[in-house]
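To start, the structure under review is shown below, and the notes come after it.
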Amino acid sequence: MASGIFALLDDIATLMDDVATMGKVAGKKTAGILGDDLAVNAEKASGFLSDRELPVLWAITKGSLLNKLIILPVAFLLSAFVPVVIKIILIIGGVYLAYEGAEKIYEYFVPHPHEDVHELEDLSREDMLEHEKKKIKSAILTDFILSVEIVIIALGTVADEALSTKIIVVSIIAIIATIGVYGIVALIVRMDEFGLKLINLNEQDDSFSDKVGKILVNALPWVIKALGIIGTIALLLVSGGIFVHNLHFVHELVHSLPSMLGEFLTGVVAGALILPIINLLKKAWKSIFKK
């Protein structure tokens, strides 16, 4: 009896050791897309009245958790019974990420007019709620796509491990992707509000709290822009990495280059090829459904 208990404890210790090791590997592999997830969601969670930012972010967070609850069981079943589908989904996701990265670069260098947006303060309560619902739905949809990629990439790093290790490692990454990302997003979107509180902390002009508060208020737009740039680079690196590690002919083309440079260039080239094709398909889709 005692020997059986000790054997069980040894098995558990071995499993936890495997989980810790593979968790680090999966964390590194998904770090790029987590960075993009952070950048995208920081943008999605901004653009609301100050007192509505946290309720909206909480609604998006709940949607993100629901996304993970849907994605994880499906991913584990596919991994167990139809593993080839995981690779196909991974490559399709790489195409999407390369397209999104290329689109962001295109929009930066080729400015285009955006739809006029009314001042939020001028909206009625009904219009404000409708505005929030649309942005929340858009954020949750984007989160779903990014969550699929995070889960599939994490699953790919533990493809040769036991099913129990797969489930624990990927579930941990999924939880970190939600709690970690949205926790940081909450801090970012409230950074200017915290800065204003520091400025109003006392009646003295140019006090230490005033200086720190002004830095936080002025830094927010720059932080959002920096995250956007980092997120775009991350998109291209992750997509390039997917192609390099899953398509042999791509690996052969760039294997002589430093790995990060090869993956980035692969993402850039893939995005440049995919962008015009997707844009043409979009135009065709719109023209068909307008008739």
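Residue numbering restarts at 1 in every chain; chains get A, B, ... in the order shown in the structure tokens, and ligands count up from 1 in that same order.
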Quiz item: If you count only C-alpha atoms, which residues fall within 8 Å of Ala174 (chain A), apart from same-chain ones fewer than 2 positions away, as a list of chain:residue names?
Solution: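 Residues meeting the cut-off are A:Lys68, A:Ser147, A:Ile150, A:Val151, A:Val170, A:Ser171, A:Ile172, A:Ile176, A:Ala177, A:Thr178.
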Output N, CA, C and O atoms of each residue in that selection to a file, as a PDB file, in the first residue's frame.
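What landed in selection_27.pdb:
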```pdb
ATOM      1  N   LYS A  68     -11.866  30.381 -24.471  1.00  0.00           N
ATOM      2  CA  LYS A  68     -10.919  29.322 -24.087  1.00  0.00           C
ATOM      3  C   LYS A  68     -11.661  28.028 -23.742  1.00  0.00           C
ATOM      4  O   LYS A  68     -11.194  26.934 -24.075  1.00  0.00           O
ATOM      5  N   SER A 147      -6.801  33.477 -29.652  1.00  0.00           N
ATOM      6  CA  SER A 147      -6.795  32.373 -28.679  1.00  0.00           C
ATOM      7  C   SER A 147      -6.578  31.039 -29.369  1.00  0.00           C
ATOM      8  O   SER A 147      -5.879  30.165 -28.835  1.00  0.00           O
ATOM      9  N   ILE A 150      -2.910  30.858 -30.039  1.00  0.00           N
ATOM     10  CA  ILE A 150      -2.150  30.622 -28.804  1.00  0.00           C
ATOM     11  C   ILE A 150      -2.243  29.163 -28.383  1.00  0.00           C
ATOM     12  O   ILE A 150      -1.239  28.522 -28.063  1.00  0.00           O
ATOM     13  N   VAL A 151      -3.460  28.621 -28.392  1.00  0.00           N
ATOM     14  CA  VAL A 151      -3.673  27.231 -27.979  1.00  0.00           C
ATOM     15  C   VAL A 151      -2.988  26.258 -28.934  1.00  0.00           C
ATOM     16  O   VAL A 151      -2.313  25.312 -28.501  1.00  0.00           O
ATOM     17  N   VAL A 170      -1.098  23.360 -21.776  1.00  0.00           N
ATOM     18  CA  VAL A 170      -1.870  24.248 -22.653  1.00  0.00           C
ATOM     19  C   VAL A 170      -2.929  25.011 -21.860  1.00  0.00           C
ATOM     20  O   VAL A 170      -3.188  26.192 -22.127  1.00  0.00           O
ATOM     21  N   SER A 171      -3.528  24.368 -20.872  1.00  0.00           N
ATOM     22  CA  SER A 171      -4.521  25.049 -20.035  1.00  0.00           C
ATOM     23  C   SER A 171      -3.886  26.186 -19.242  1.00  0.00           C
ATOM     24  O   SER A 171      -4.468  27.272 -19.112  1.00  0.00           O
ATOM     25  N   ILE A 172      -2.678  25.943 -18.727  1.00  0.00           N
ATOM     26  CA  ILE A 172      -1.966  26.995 -17.986  1.00  0.00           C
ATOM     27  C   ILE A 172      -1.662  28.183 -18.895  1.00  0.00           C
ATOM     28  O   ILE A 172      -1.868  29.346 -18.524  1.00  0.00           O
ATOM     29  N   ILE A 176      -3.034  32.003 -18.439  1.00  0.00           N
ATOM     30  CA  ILE A 176      -2.109  33.145 -18.402  1.00  0.00           C
ATOM     31  C   ILE A 176      -2.443  34.140 -19.505  1.00  0.00           C
ATOM     32  O   ILE A 176      -2.408  35.361 -19.292  1.00  0.00           O
ATOM     33  N   ALA A 177      -2.801  33.594 -20.687  1.00  0.00           N
ATOM     34  CA  ALA A 177      -3.132  34.451 -21.819  1.00  0.00           C
ATOM     35  C   ALA A 177      -4.320  35.346 -21.519  1.00  0.00           C
ATOM     36  O   ALA A 177      -4.398  36.472 -22.021  1.00  0.00           O
ATOM     37  N   THR A 178      -5.245  34.867 -20.702  1.00  0.00           N
ATOM     38  CA  THR A 178      -6.428  35.668 -20.364  1.00  0.00           C
ATOM     39  C   THR A 178      -6.167  36.595 -19.186  1.00  0.00           C
ATOM     40  O   THR A 178      -6.284  37.815 -19.306  1.00  0.00           O
TER      41      THR A 178
END
```
Exercise. Tell me, in Å to one decimal, how far CA of Val74 (chain A) is from CA of Ile278 (chain A).
Key: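 Rounded to one decimal, the two atoms are 27.2 Å apart.
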Practice problem: Just give me the gap between CA of Ala80 (chain A) and CA of Val148 (chain A) in Å, one decimal is fine. | Solution: 16.7 Å
Practice problem: Figure out the distance between CA of Gly241 (chain A) and CA of Glu161 (chain A), please, to one decimal in Å. | Solution: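 If I compute the distance from CA of Glu161 (chain A) to CA of Gly241 (chain A), I get 20.9 Å.
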